[in-house]
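Novice: Below are the structure tokens for one structure; questions will follow.
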Protein chains: 2
Amino acid sequence: MHIVITGGAGFIGKKLAATLLASDGIELQGMPKRRLDRLTLFDVVEADGLPADQRLQVRAGDITNADQVRALIDDNVDAVFHLAAIVSANAEADFDLGVAVNLDGTRHVLEACRHLGSSPRVIFASSVAVYGGHMPKMGHDDMWLNPQTSYGAQKAAGELLVNDYSRKGFVDGRALRLPTIVVRPGKPNKAASTFASSIIREPLAGEPAICPVSRDSVMYILSPRRVVEAFVHALTLPGDIFGPARMLTLPGISVSIGEVEAALARVAGRHVADRIEWKPDDHIQRIVSGWLPAFDAVRAKSMGFAADETIDEIIHAHIEDELGGEIR
Amino acid sequence: MHIVITGGAGFIGKKLAATLLASDGIELQGMPKRRLDRLTLFDVVEADGLPADQRLQVRAGDITNADQVRALIDDNVDAVFHLAAIVSANAEADFDLGVAVNLDGTRHVLEACRHLGSSPRVIFASSVAVYGGHMPKMGHDDMWLNPQTSYGAQKAAGELLVNDYSRKGFVDGRALRLPTIVVRPGKPNKAASTFASSIIREPLAGEPAICPVSRDSVMYILSPRRVVEAFVHALTLPGDIFGPARMLTLPGISVSIGEVEAALARVAGRHVADRIEWKPDDHIQRIVSGWLPAFDAVRAKSMGFAADETIDEIIHAHIEDELGGEIR
């Protein structure tokens with residue numbers, strides 16, 4: 001089996017790659033387990049920091065270049081995780097780049113897969129940013145999409161294409177709408193949500209972090225561990241389980257920023273939680289207040305997708321996975 | 001004022017053109033009434049059958065050609081009605097053509113308008129084909145989009161772009177989701193819904209028509225008169241009335257095919273209604289059964305859009321507008 005991950009140098013792409021390489025084969029439901037023969041990570045830069053493995057190939061390239069994407073997705077490809085994207089604040093600042101990567105890049109991946117004639121599995125990373133406008137307190141599976149960012153609009157358009165390409169039999173697609181991923185490892189990025197990880201990650205590493213929103217702000221989140229689990233699970237599920245809609249909002253948990261602070265104090269001590277500096281930023285507060293605070297992910301749960309149990313569990317997982325179990 | 005109509009050789013484009021030319025000026029709400037100085041109809045063929053008028057310009061061209069669209073939408077353009085499209089069955093049969101016209105053509109129009117820097121009004125013809133999958137008996141304004149045709153998927157993606165381009169201030173857009181238009185004049189087209197007009201139009205013209213669906217099949221319809229009214233109304237409304245969603249499902253009426261037959265007998269006589277030949281077609285029946293049967297268009301009605309009163313009114317309007325008042 002040959003699997004391609006676009007956006008493979010990102011932290012989710014790399015964690016997903018490590019998980020796939022460590023597995024003893026991949027069992028697509030209803031089919032015998034198959035060995036992973038080849039795993040190709042594609043990104044603007046070559047992915048680094050991965051275990052040495054003969055099956056692994058890292059490639060640098062441009063998802064907006066249809067020819068490069070066609071060359072990437074060769075005849076032996078069985079599945080593509082399409083994670084390459086321009087994040088929210090960046091897509092908002094550079095509209096044309098967002099369209100080129102998030103919409104046309106997705107079209108290039110779908111077209112390359114269609115060209116194979118083998119209807120490969122395509123797992124598309126979408127986002128709860130597809131929701132927006134007048135938002136209920138609790139989202140539900142048949143809620144309409146009214147994105148209020150270019151990123152969300154491009155992801156929503158991508159989902160529609162994944163669904164239509166699947167309906168036509170060109171690909172066997174699945175689009176997962178990701179909650180805000182917390183705790184992202186590494187450095188802050190250009191997403192408006194970046195503080196949600198910073199206020200946990202930096203204090204645990206002995207550094208201060210700025211929180212630009214109020215303690216009663218609520219976010220719908222999922223941990224890196226669970227999102228990787230969800231991607232692998234989405235790969236294995238048979239397509240017909242999705243019925244007429246290949247798009248799916250993943251289960252997450254709803255936590256207020258105050259609860260994040262309290263959990264950090266419980267897990268790591270008050271002095272760690274006190275490393276959060278509260279500096280309200282009206283602009284970011286307004287953006288975050290427009291986000292979906294909670295979602296009743298009935299459909300995804302019925303298909304075997306799972307959220308984290310608690311914010312404490314998410315913090316513990318970060319300490320284990322990223323800090324070698326050690327808090328500064 | 002200079003207005004462009006893409007798909008201007010289609011029957012709605014031409015009726016809209018005639019209405020705009022006959023008006024004594026166009027009053028955008030909150031602004032003084034302005035004269036229509038120029039009206040350009042763009043289509044794959046030159047629009048014919050229109051009143052001689054110095055303000056009218058007909059152009060043949062290709063909406064999939066970005067340069068042609070850029071040349072069409074010049075600096076003086078104040079508003080664009082974007083009606084050019086590949087219809088449902090055609091977009092289903094020729095996937096690439098559907099994408100090129102319905103998705104990329106729409107992008108060309110939006111980009112050309114953005115390039116002007118004047119945020120012109122764009123009225124985009126979308127469709128209730130954006131709905132699909134598990135459908136309620138009565139649609140509502142915040143129902144999710146799950147198109148089950150390529151046409152519907154492309155229109156839904158177009159709406160998302162219209163909304164995002166409007167949010168960014170690149171255009172002042174409005175996307176109207178049209179019910180099935182009944183009675184379409186002229187000949188049957190490649191839409192699966194074409195029979196809905198044929199079973200009225202052909203009998204009134206003294207000819208037989210085949211009905212491929214059962215009498216209890218229900219359709220959500222709007223007349224050509226009302227859809228032209230809706231387009232003109234959408235042009236005049238201020239953009240901020242739409243709030244965070246520039247897409248809107250138009251009011252229509254729900255009628256069963258049996259009611260259409262009964263109305264035809266009432267209006268034109270039993271012998272006319274008897275010109276309908278009932279030849280069930282499982283394929284078309286399945287398609288029609290998947291369509292939205294009814295919609296509670298609260299939002300559009302609150303904004304001043306109106307449906308026809310009855311199917312009888314729709315038939316009378318067709319006799320007046322297309323048959324010179326005469327039934328064969």
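Just so we're on the same page: first chain in the structure tokens is A, next is B, and so on; residues restart at 1 for each chain, and ligands are numbered from 1 in the order they show up.
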Write out as a PyMOL selection string the residues lying within 9 Å of Arg174 in chain A, counting only C-alpha atoms and excluding same-chain residues fewer than 4 positions away.

Specialist: chain A and resi 121-125+159+162-163+166+234-235+239+242+245-248

Novice: Would you write out, as CSV, a table of all residues in chain A that have an atom no more than 7 Å from an atom of chain B, listing for each the closest atom pair and the distance in Å to one decimal, considering only C-alpha atoms and ordering rows by chain and rising residue number?

Specialist:
residue,atom,partner,partner_atom,distance
A:Gly133,CA,B:Pro244,CA,5.4
A:Asp142,CA,B:Trp144,CA,5.4
A:Met143,CA,B:Trp144,CA,5.2
A:Trp144,CA,B:Trp144,CA,3.6
A:Leu145,CA,B:Trp144,CA,6.3
A:Asn146,CA,B:Ala245,CA,6.6
A:Ser150,CA,B:Asp164,CA,6.1
A:Ala153,CA,B:Leu160,CA,5.7
A:Ala157,CA,B:Ala157,CA,4.9
A:Leu160,CA,B:Ala153,CA,5.8
A:Leu161,CA,B:Ala153,CA,6.9
A:Asp164,CA,B:Ser150,CA,6.1
A:Pro244,CA,B:Gly133,CA,5.4
A:Ala245,CA,B:Asn146,CA,6.6

Novice: Keeping only C-alpha atoms, write the selected residues as a PDB file, in the first residue's frame.

Specialist:
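Written output follows (out_16.pdb):
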ATOM      1  CA  GLY A 133     -22.751  33.682  10.855  1.00  0.00           C
ATOM      2  CA  ASP A 142     -27.344  19.148   9.624  1.00  0.00           C
ATOM      3  CA  MET A 143     -26.445  22.740  10.409  1.00  0.00           C
ATOM      4  CA  TRP A 144     -25.843  24.917   7.381  1.00  0.00           C
ATOM      5  CA  LEU A 145     -22.456  26.191   6.371  1.00  0.00           C
ATOM      6  CA  ASN A 146     -21.939  29.931   6.417  1.00  0.00           C
ATOM      7  CA  SER A 150     -11.860  32.904   3.294  1.00  0.00           C
ATOM      8  CA  ALA A 153     -15.198  29.277   2.489  1.00  0.00           C
ATOM      9  CA  ALA A 157     -15.954  24.480  -1.293  1.00  0.00           C
ATOM     10  CA  LEU A 160     -18.382  19.963  -1.788  1.00  0.00           C
ATOM     11  CA  LEU A 161     -15.882  18.824  -4.403  1.00  0.00           C
ATOM     12  CA  ASP A 164     -19.108  15.243  -5.644  1.00  0.00           C
ATOM     13  CA  PRO A 244     -24.875  10.915   0.810  1.00  0.00           C
ATOM     14  CA  ALA A 245     -22.490  13.204   2.721  1.00  0.00           C
TER      15      ALA A 245
END

Novice: Would you please give, as a PDB file with N, CA and C atoms, in the first residue's frame, all residues of range 3-94 of chain B that DSSP assigns to alpha helix (DSSP H) based on the backbone?

Specialist:
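What ended up in states.pdb:
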ATOM      1  N   PHE B  11     -33.607  32.149 -21.819  1.00  0.00           N
ATOM      2  CA  PHE B  11     -34.927  32.802 -21.781  1.00  0.00           C
ATOM      3  C   PHE B  11     -35.062  33.727 -20.572  1.00  0.00           C
ATOM      4  N   ILE B  12     -34.444  33.384 -19.452  1.00  0.00           N
ATOM      5  CA  ILE B  12     -34.528  34.298 -18.299  1.00  0.00           C
ATOM      6  C   ILE B  12     -33.704  35.552 -18.563  1.00  0.00           C
ATOM      7  N   GLY B  13     -32.518  35.362 -19.142  1.00  0.00           N
ATOM      8  CA  GLY B  13     -31.670  36.504 -19.477  1.00  0.00           C
ATOM      9  C   GLY B  13     -32.387  37.490 -20.388  1.00  0.00           C
ATOM     10  N   LYS B  14     -33.073  36.970 -21.388  1.00  0.00           N
ATOM     11  CA  LYS B  14     -33.760  37.849 -22.332  1.00  0.00           C
ATOM     12  C   LYS B  14     -34.969  38.548 -21.703  1.00  0.00           C
ATOM     13  N   LYS B  15     -35.720  37.814 -20.886  1.00  0.00           N
ATOM     14  CA  LYS B  15     -36.864  38.442 -20.208  1.00  0.00           C
ATOM     15  C   LYS B  15     -36.378  39.529 -19.237  1.00  0.00           C
ATOM     16  N   LEU B  16     -35.287  39.217 -18.548  1.00  0.00           N
ATOM     17  CA  LEU B  16     -34.710  40.190 -17.623  1.00  0.00           C
ATOM     18  C   LEU B  16     -34.245  41.429 -18.387  1.00  0.00           C
ATOM     19  N   ALA B  17     -33.603  41.200 -19.528  1.00  0.00           N
ATOM     20  CA  ALA B  17     -33.129  42.318 -20.362  1.00  0.00           C
ATOM     21  C   ALA B  17     -34.304  43.184 -20.800  1.00  0.00           C
ATOM     22  N   ALA B  18     -35.371  42.552 -21.285  1.00  0.00           N
ATOM     23  CA  ALA B  18     -36.536  43.303 -21.755  1.00  0.00           C
ATOM     24  C   ALA B  18     -37.139  44.126 -20.613  1.00  0.00           C
ATOM     25  N   THR B  19     -37.183  43.536 -19.429  1.00  0.00           N
ATOM     26  CA  THR B  19     -37.727  44.242 -18.257  1.00  0.00           C
ATOM     27  C   THR B  19     -36.864  45.445 -17.894  1.00  0.00           C
ATOM     28  N   LEU B  20     -35.553  45.257 -17.895  1.00  0.00           N
ATOM     29  CA  LEU B  20     -34.641  46.358 -17.546  1.00  0.00           C
ATOM     30  C   LEU B  20     -34.733  47.481 -18.578  1.00  0.00           C
ATOM     31  N   LEU B  21     -34.814  47.114 -19.863  1.00  0.00           N
ATOM     32  CA  LEU B  21     -34.895  48.120 -20.921  1.00  0.00           C
ATOM     33  C   LEU B  21     -36.211  48.895 -20.854  1.00  0.00           C
ATOM     34  N   ALA B  22     -37.270  48.206 -20.433  1.00  0.00           N
ATOM     35  CA  ALA B  22     -38.595  48.843 -20.382  1.00  0.00           C
ATOM     36  C   ALA B  22     -38.767  49.727 -19.149  1.00  0.00           C
ATOM     37  N   ALA B  66     -11.068  33.452 -19.079  1.00  0.00           N
ATOM     38  CA  ALA B  66     -10.932  34.557 -18.117  1.00  0.00           C
ATOM     39  C   ALA B  66     -10.692  35.895 -18.815  1.00  0.00           C
ATOM     40  N   ASP B  67      -9.936  35.894 -19.904  1.00  0.00           N
ATOM     41  CA  ASP B  67      -9.636  37.150 -20.606  1.00  0.00           C
ATOM     42  C   ASP B  67     -10.895  37.755 -21.232  1.00  0.00           C
ATOM     43  N   GLN B  68     -11.712  36.884 -21.814  1.00  0.00           N
ATOM     44  CA  GLN B  68     -12.956  37.379 -22.405  1.00  0.00           C
ATOM     45  C   GLN B  68     -13.875  37.968 -21.338  1.00  0.00           C
ATOM     46  N   VAL B  69     -13.916  37.326 -20.190  1.00  0.00           N
ATOM     47  CA  VAL B  69     -14.783  37.813 -19.119  1.00  0.00           C
ATOM     48  C   VAL B  69     -14.245  39.141 -18.583  1.00  0.00           C
ATOM     49  N   ARG B  70     -12.934  39.247 -18.499  1.00  0.00           N
ATOM     50  CA  ARG B  70     -12.309  40.490 -18.052  1.00  0.00           C
ATOM     51  C   ARG B  70     -12.639  41.627 -19.029  1.00  0.00           C
ATOM     52  N   ALA B  71     -12.603  41.316 -20.333  1.00  0.00           N
ATOM     53  CA  ALA B  71     -12.911  42.325 -21.349  1.00  0.00           C
ATOM     54  C   ALA B  71     -14.391  42.706 -21.306  1.00  0.00           C
ATOM     55  N   LEU B  72     -15.225  41.741 -20.978  1.00  0.00           N
ATOM     56  CA  LEU B  72     -16.680  41.969 -20.910  1.00  0.00           C
ATOM     57  C   LEU B  72     -17.033  42.936 -19.785  1.00  0.00           C
ATOM     58  N   SER B  88     -28.374  20.842 -15.153  1.00  0.00           N
ATOM     59  CA  SER B  88     -28.103  19.673 -14.319  1.00  0.00           C
ATOM     60  C   SER B  88     -27.692  18.415 -15.091  1.00  0.00           C
ATOM     61  N   ALA B  89     -28.550  17.938 -15.989  1.00  0.00           N
ATOM     62  CA  ALA B  89     -28.238  16.667 -16.653  1.00  0.00           C
ATOM     63  C   ALA B  89     -26.984  16.804 -17.512  1.00  0.00           C
ATOM     64  N   ASN B  90     -26.783  17.979 -18.069  1.00  0.00           N
ATOM     65  CA  ASN B  90     -25.621  18.233 -18.906  1.00  0.00           C
ATOM     66  C   ASN B  90     -24.335  18.254 -18.063  1.00  0.00           C
ATOM     67  N   ALA B  91     -24.406  18.910 -16.897  1.00  0.00           N
ATOM     68  CA  ALA B  91     -23.243  18.961 -15.997  1.00  0.00           C
ATOM     69  C   ALA B  91     -22.932  17.573 -15.443  1.00  0.00           C
ATOM     70  N   GLU B  92     -23.974  16.743 -15.345  1.00  0.00           N
ATOM     71  CA  GLU B  92     -23.784  15.377 -14.853  1.00  0.00           C
ATOM     72  C   GLU B  92     -23.107  14.525 -15.929  1.00  0.00           C
ATOM     73  N   ALA B  93     -23.498  14.752 -17.184  1.00  0.00           N
ATOM     74  CA  ALA B  93     -22.953  13.964 -18.293  1.00  0.00           C
ATOM     75  C   ALA B  93     -21.538  14.417 -18.660  1.00  0.00           C
TER      76      ALA B  93
END

Novice: Give me the residues within 12 Å of Gln57 in chain A as a PyMOL selection string, counting only C-alpha atoms and dropping any in the same chain fewer than 2 places off.

Specialist: chain A and resi 2-5+8-9+17+21+37-43+46-48+50-55+59-60+72

Novice: Please report the interatomic distance between CA of Ala230 in chain B and CA of Glu27 in chain B in Å with one decimal.

Specialist: 14.6 Å

Novice: What residues in range 106-199 of chain B get the DSSP label strand (DSSP E or B)? Please answer as a ChimeraX atom specification.

Specialist: /B:121-127,139,143,172-178,180-181

Novice: Please, could you write that set of residues out with N, CA and C atoms as a PDB file, in the first residue's frame?

Specialist:
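The result, written out as part_25.pdb:
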ATOM      1  N   ARG B 121     -22.295  45.274  -8.026  1.00  0.00           N
ATOM      2  CA  ARG B 121     -23.284  44.284  -7.587  1.00  0.00           C
ATOM      3  C   ARG B 121     -23.227  43.065  -8.505  1.00  0.00           C
ATOM      4  N   VAL B 122     -23.233  41.903  -7.907  1.00  0.00           N
ATOM      5  CA  VAL B 122     -23.252  40.651  -8.664  1.00  0.00           C
ATOM      6  C   VAL B 122     -24.445  39.843  -8.187  1.00  0.00           C
ATOM      7  N   ILE B 123     -25.344  39.533  -9.109  1.00  0.00           N
ATOM      8  CA  ILE B 123     -26.497  38.707  -8.757  1.00  0.00           C
ATOM      9  C   ILE B 123     -26.285  37.355  -9.421  1.00  0.00           C
ATOM     10  N   PHE B 124     -26.101  36.354  -8.592  1.00  0.00           N
ATOM     11  CA  PHE B 124     -25.712  35.019  -9.050  1.00  0.00           C
ATOM     12  C   PHE B 124     -26.920  34.095  -9.017  1.00  0.00           C
ATOM     13  N   ALA B 125     -27.186  33.436 -10.143  1.00  0.00           N
ATOM     14  CA  ALA B 125     -28.291  32.479 -10.197  1.00  0.00           C
ATOM     15  C   ALA B 125     -27.832  31.142  -9.637  1.00  0.00           C
ATOM     16  N   SER B 126     -28.250  30.860  -8.404  1.00  0.00           N
ATOM     17  CA  SER B 126     -27.991  29.549  -7.840  1.00  0.00           C
ATOM     18  C   SER B 126     -29.279  28.729  -7.957  1.00  0.00           C
ATOM     19  N   SER B 127     -29.389  27.686  -7.208  1.00  0.00           N
ATOM     20  CA  SER B 127     -30.489  26.742  -7.430  1.00  0.00           C
ATOM     21  C   SER B 127     -30.799  25.979  -6.154  1.00  0.00           C
ATOM     22  N   GLY B 139     -38.297  22.498   3.604  1.00  0.00           N
ATOM     23  CA  GLY B 139     -36.979  23.084   3.786  1.00  0.00           C
ATOM     24  C   GLY B 139     -37.059  24.368   4.595  1.00  0.00           C
ATOM     25  N   MET B 143     -31.041  25.261   6.654  1.00  0.00           N
ATOM     26  CA  MET B 143     -30.824  23.861   6.317  1.00  0.00           C
ATOM     27  C   MET B 143     -29.464  23.707   5.643  1.00  0.00           C
ATOM     28  N   ASP B 172     -20.336  43.223  -4.404  1.00  0.00           N
ATOM     29  CA  ASP B 172     -21.509  43.338  -3.544  1.00  0.00           C
ATOM     30  C   ASP B 172     -22.487  42.287  -4.080  1.00  0.00           C
ATOM     31  N   GLY B 173     -22.311  41.066  -3.595  1.00  0.00           N
ATOM     32  CA  GLY B 173     -22.975  39.931  -4.236  1.00  0.00           C
ATOM     33  C   GLY B 173     -24.255  39.472  -3.564  1.00  0.00           C
ATOM     34  N   ARG B 174     -25.070  38.779  -4.346  1.00  0.00           N
ATOM     35  CA  ARG B 174     -26.284  38.156  -3.861  1.00  0.00           C
ATOM     36  C   ARG B 174     -26.470  36.888  -4.679  1.00  0.00           C
ATOM     37  N   ALA B 175     -26.703  35.777  -4.023  1.00  0.00           N
ATOM     38  CA  ALA B 175     -26.919  34.515  -4.725  1.00  0.00           C
ATOM     39  C   ALA B 175     -28.348  34.067  -4.462  1.00  0.00           C
ATOM     40  N   LEU B 176     -29.118  33.957  -5.525  1.00  0.00           N
ATOM     41  CA  LEU B 176     -30.516  33.542  -5.380  1.00  0.00           C
ATOM     42  C   LEU B 176     -30.659  32.076  -5.771  1.00  0.00           C
ATOM     43  N   ARG B 177     -31.196  31.289  -4.847  1.00  0.00           N
ATOM     44  CA  ARG B 177     -31.452  29.880  -5.168  1.00  0.00           C
ATOM     45  C   ARG B 177     -32.822  29.774  -5.817  1.00  0.00           C
ATOM     46  N   LEU B 178     -32.811  29.448  -7.099  1.00  0.00           N
ATOM     47  CA  LEU B 178     -34.049  29.391  -7.868  1.00  0.00           C
ATOM     48  C   LEU B 178     -34.749  28.047  -7.684  1.00  0.00           C
ATOM     49  N   THR B 180     -37.490  25.268  -9.294  1.00  0.00           N
ATOM     50  CA  THR B 180     -37.666  24.842 -10.687  1.00  0.00           C
ATOM     51  C   THR B 180     -38.537  25.877 -11.390  1.00  0.00           C
ATOM     52  N   ILE B 181     -38.053  26.385 -12.538  1.00  0.00           N
ATOM     53  CA  ILE B 181     -38.803  27.430 -13.243  1.00  0.00           C
ATOM     54  C   ILE B 181     -39.848  26.777 -14.155  1.00  0.00           C
TER      55      ILE B 181
END

Novice: Suppose you want the space between CA of Thr106 in chain B and CA of Asp96 in chain A; what is it in Å?

Specialist: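 Pair CA of Thr106 in chain B / CA of Asp96 in chain A returns 15.7 Å.
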
Novice: In Å, rounded to a single decimal, give me how far CA of Val128 in chain A is from CA of Pro179 in chain B.

Specialist: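 Between CA of Pro179 in chain B and CA of Val128 in chain A the gap is 29.2 Å.
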
Novice: Can you tell me, as an NGL selection string, what residues are no more than 8 Å from Arg226 in chain A when counting only C-alpha atoms, ignoring any on the same chain fewer than 2 positions away?

Specialist: :A and (222-224 or 228-230 or 306-308)

Novice: Between A:Pro251, A:Pro185, A:Pro208, A:Pro120, single out the one closest to Arg299 in chain A, counting only C-alpha atoms.

Specialist: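 With only C-alpha atoms as the atom set, the closest residue is A:Pro251.
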
Novice: Please determine, counting only C-alpha atoms, which residue among A:Lys137, A:His233, A:Arg34, A:Lys187 has the shortest atom-to-atom distance to Gly10 in chain A.

Specialist: A:Lys187
